[in-house]
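Read through the structure below, which is laid out as structure tokens, and then see the notes.
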Amino acid sequence: MDFALPDEVRQLKDAIKKFLDREVLPKERENPELCGEGKFSEELHDLGAKIRKKSVDLGYYTLHMPEDLGGGGLHHVGLSAIREEIAKSGTSILGIFILGDPPMGPTGMLRECTDFQKKKYLEPLMRGEKTTCFALTEPNAGSDVAAMEATVVRDGDHYVLNGSKHFISNGPYCDFAQVFAANNRELGMNGGISAFFVDADTPGFTRRLQRSMADDDFQAEFFFEDCRVPAENMIGKEGFGFLSAATWLSAERLIVASNAIGMAEYLLNLGVEYAKIRVQFKQPIAKFQAIQWMLADSATEIEAARWMTYHTAWLIDQGDMALKEVSMAKLFASEMCDRVADRVLQVHGGMGYMTELPVQRLYKLARLLRIGGGTSEIQRHLIAKTLGL
Ligand SMILES: Cc1cc2nc3c(=O)[nH]c(=O)nc-3n(C[C@H](O)[C@H](O)[C@H](O)COP(=O)(O)OP(=O)(O)OC[C@H]3O[C@@H](n4cnc5c(N)ncnc54)[C@H](O)[C@@H]3O)c2cc1C
């Protein structure tokens, strides 16, 4: 067994690190008001668009997309390593513009695009000129996607869309959304859910900012009222939009795992450094076994999560769907990151709670990882199914 990352991945990781050090982290330091607490805004998006443009020019932005669509075709092991590197840098917000991952960028689901859709939607996404979002979740249909209430009805050369979505990341800023709606509520997942490109300025489509605990202004609610979408905007076959989405949703779970590992590594470094300099009872708190154990447990769990994730990525690269392993990696890495964030905040004492330091911001972000991309309970449910339960 060879546990070493391939040479080309190590070189790419180094190149991404240099890009972060040269183009991304200095911009965050120069714009503390805009970037410090990781809040999105139109202004922030303008700054991010410049980073995205550079990333497109260097070929990083679409590394995750298949080569036949003009992407880098990088394998999952490589992508996991790069996502980890970006999260590990401690970027407060601009790092999200480097790789065109969901929700803003192009995804493998768009493989199903027609020539018209490639020109109008996919290519501008690949060039980083437009951003999108993935609008699946509804007020009454979260984990239970098949309970979706948004509907589409064919009317001549259009579909008429009615319903609502919520929690949609990049929803406030996207140029167009990828929206899921039921063409037949009886059929549910088996031919009942279709997907569409919906331009943000389509009459009958309105959106409203939805504030979260992270206070990052990144989510929106969507409302569709007799919103007429051209039939040529349907992604894939009628009734099978969710099936194509499900294929890449599985890969999205690996994205969560890699981000969790990188974020936890950054947190661990903060904890170790703080423990060495914070003096109480006339000695650095790093001398106390209680502190050492929190950090040692964190390091151990990060290591375990990393190998689970790389192994899963490797399985996918061998052509295995690795459904059980993807769920296990997402579950373990997200819960690990949440525990690490909690411990590192504790190591910082009251300072960890103050906005002067990034720990509290990461603590809030880490909490999301157990919910987004399928909750921990849903991952356990999927793992249990593979055990025949
Ligand atoms: C910040 C943020 C960003 C998001 N971004 C997007 C986005 O861009 N696009 C998008 O479409 N969605 C997005 N989501 C939605 C996210 O995917 C859902 O929140 C998630 O899938 C859970 O759905 P829910 O919130 O409706 O919870 P529910 O499904 O209502 O679940 C509530 C609780 O019940 C548990 N539960 C549900 N079913 C079961 C079961 N069968 N067995 C055991 N426990 C169960 C859940 O685990 C959870 O603990 C985002 C959410 C957040 C918070």
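If you're wondering about the labels, chains in the structure tokens are A, B, ... by order shown, residues count from 1 in each chain, ligands from 1 in order shown.
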
Report the closest atom pair, with its distance in Å rounded to one decimal, for each residue of chain A that has an atom no farther than 8 Å from ligand 1; count only C-alpha atoms and all ligand atoms, sort by chain and then rising residue number, and write it as CSV.
```
residue,atom,partner,partner_atom_place_in_ligand_line,distance
A:Pro102,CA,ligand 1,8 (O),8.0
A:Pro103,CA,ligand 1,8 (O),5.9
A:Cys133,CA,ligand 1,8 (O),6.2
A:Phe134,CA,ligand 1,9 (N),4.9
A:Ala135,CA,ligand 1,11 (O),4.3
A:Leu136,CA,ligand 1,11 (O),3.4
A:Thr137,CA,ligand 1,11 (O),3.9
A:Glu138,CA,ligand 1,26 (O),7.0
A:Pro139,CA,ligand 1,26 (O),6.5
A:Asn140,CA,ligand 1,26 (O),6.9
A:Ala141,CA,ligand 1,26 (O),5.8
A:Gly142,CA,ligand 1,26 (O),3.1
A:Ser143,CA,ligand 1,29 (O),3.6
A:Asp144,CA,ligand 1,29 (O),6.0
A:Lys165,CA,ligand 1,11 (O),7.5
A:His166,CA,ligand 1,12 (N),6.9
A:Phe167,CA,ligand 1,50 (C),4.7
A:Ile168,CA,ligand 1,8 (O),3.9
A:Ser169,CA,ligand 1,8 (O),3.7
A:Asn170,CA,ligand 1,8 (O),6.9
A:Gly171,CA,ligand 1,8 (O),7.3
A:Ser212,CA,ligand 1,1 (C),6.6
A:Ala214,CA,ligand 1,1 (C),7.9
A:Phe218,CA,ligand 1,1 (C),7.7
A:Gln219,CA,ligand 1,3 (C),6.3
A:Leu368,CA,ligand 1,53 (C),6.1
A:Ile371,CA,ligand 1,20 (C),5.4
A:Gly372,CA,ligand 1,17 (O),4.5
A:Gly373,CA,ligand 1,17 (O),5.1
A:Gly374,CA,ligand 1,21 (O),4.6
A:Thr375,CA,ligand 1,47 (O),4.7
A:Ser376,CA,ligand 1,47 (O),6.0
A:Glu377,CA,ligand 1,47 (O),4.3
A:Ile378,CA,ligand 1,47 (O),5.6
A:His381,CA,ligand 1,42 (N),6.3
```

Neighbour list for Met126 of chain A as a ChimeraX atom specification, cut-off 9 Å, only C-alpha atoms, skip fewer than 5 positions in-chain:
/A:56,61-62,65,69-71,100,105-106,121

What's the 10 Å shell around Pro172 of chain A, counting only C-alpha atoms, without same-chain residues fewer than 2 positions away, as number ranges by chain?
A: 40-42, 133, 168-170, 174-175, 200, 206-210, 217-222

May I have all residues of segment 141-311 of chain A that DSSP, computed from the backbone, assigns to strand (DSSP E), given as a VMD selection string?
chain A and resid 151 to 155 158 to 169 176 to 182 193 to 199 205 to 210 219 to 230 234 to 235 279 to 280 283 to 284

Gly236 of chain A proximity check over A:Ala304, A:Met109, A:Ala177, A:Leu125, using only C-alpha atoms: winner is A:Met109

Polymer residues at most 12 Å from Ala305 of chain A, only C-alpha atoms, same-chain spacing of 5 or more positions, as a CSV table (one decimal) with C-alpha atoms, in the first residue's frame:
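Saved the output as around39.csv:
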```csv
chain,number,residue,atom,x,y,z
A,80,SER,CA,-9.6,16.3,-1.2
A,84,GLU,CA,-8.1,20.5,2.9
A,254,LEU,CA,-16.7,14.3,0.5
A,256,VAL,CA,-17.7,18.6,3.5
A,257,ALA,CA,-15.3,16.0,4.9
A,258,SER,CA,-12.2,17.6,3.4
A,259,ASN,CA,-13.3,21.1,4.5
A,260,ALA,CA,-13.9,19.7,8.0
A,261,ILE,CA,-10.4,18.2,8.2
A,262,GLY,CA,-8.7,21.4,7.0
A,264,ALA,CA,-9.9,21.3,12.3
A,265,GLU,CA,-6.2,21.4,11.4
A,298,SER,CA,-8.1,16.5,18.4
A,299,ALA,CA,-4.8,15.6,16.6
A,300,THR,CA,-5.7,11.9,16.7
A,310,TYR,CA,-8.6,9.9,1.4
A,311,HIS,CA,-9.5,6.2,1.4
A,312,THR,CA,-13.0,7.1,0.3
A,325,GLU,CA,-17.7,5.1,3.0
A,326,VAL,CA,-18.8,8.6,1.8
A,328,MET,CA,-19.0,7.5,7.1
A,329,ALA,CA,-16.3,10.0,6.1
A,330,LYS,CA,-18.9,12.9,6.1
A,331,LEU,CA,-20.3,11.8,9.5
A,332,PHE,CA,-17.0,11.3,11.2
A,333,ALA,CA,-15.2,14.3,9.8
A,334,SER,CA,-18.0,16.8,10.5
A,335,GLU,CA,-18.6,15.5,14.0
A,336,MET,CA,-14.8,15.5,14.6
A,337,CYS,CA,-14.5,19.1,13.4
A,340,VAL,CA,-12.2,20.1,17.8
```

Write out as number ranges by chain the residues lying within 10 Å of Thr202 of chain A, counting only C-alpha atoms and excluding same-chain residues fewer than 2 positions away.
A: 176, 198-200, 204-206, 224, 227-229

Report the distance between atom CA of Asp155 of chain A and atom CA of Gly188 of chain A in Å, rounded to one decimal place.
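Between these atoms lies a distance of 20.8 Å.
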
Name the residues in contact with Phe240 of chain A at a cut-off of 7 Å, using only C-alpha atoms, excluding same-chain residues fewer than 5 positions from it; report them as a PyMOL selection string.
chain A and resi 191-194

Please produce an output containing C-alpha atoms for each residue in the selection, written as a PDB file, in the first residue's frame.
```
ATOM      1  CA  GLY A 191     -39.578  10.129 -12.094  1.00  0.00           C
ATOM      2  CA  GLY A 192     -41.367  12.885 -10.170  1.00  0.00           C
ATOM      3  CA  ILE A 193     -38.689  15.536  -9.536  1.00  0.00           C
ATOM      4  CA  SER A 194     -37.241  17.726 -12.298  1.00  0.00           C
TER       5      SER A 194
END
```

For Gly36 of chain A, which residue among A:Gln289, A:Ser92, A:Thr107, A:Gln178 is the nearest when counting only C-alpha atoms?
A:Ser92

Nearest-residue call for Asp101 of chain A, choices A:Phe196, A:Phe242, A:Trp248, A:Phe180, using only C-alpha atoms:
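When distances to Asp101 of chain A are compared using only C-alpha atoms, the smallest one comes from A:Trp248.
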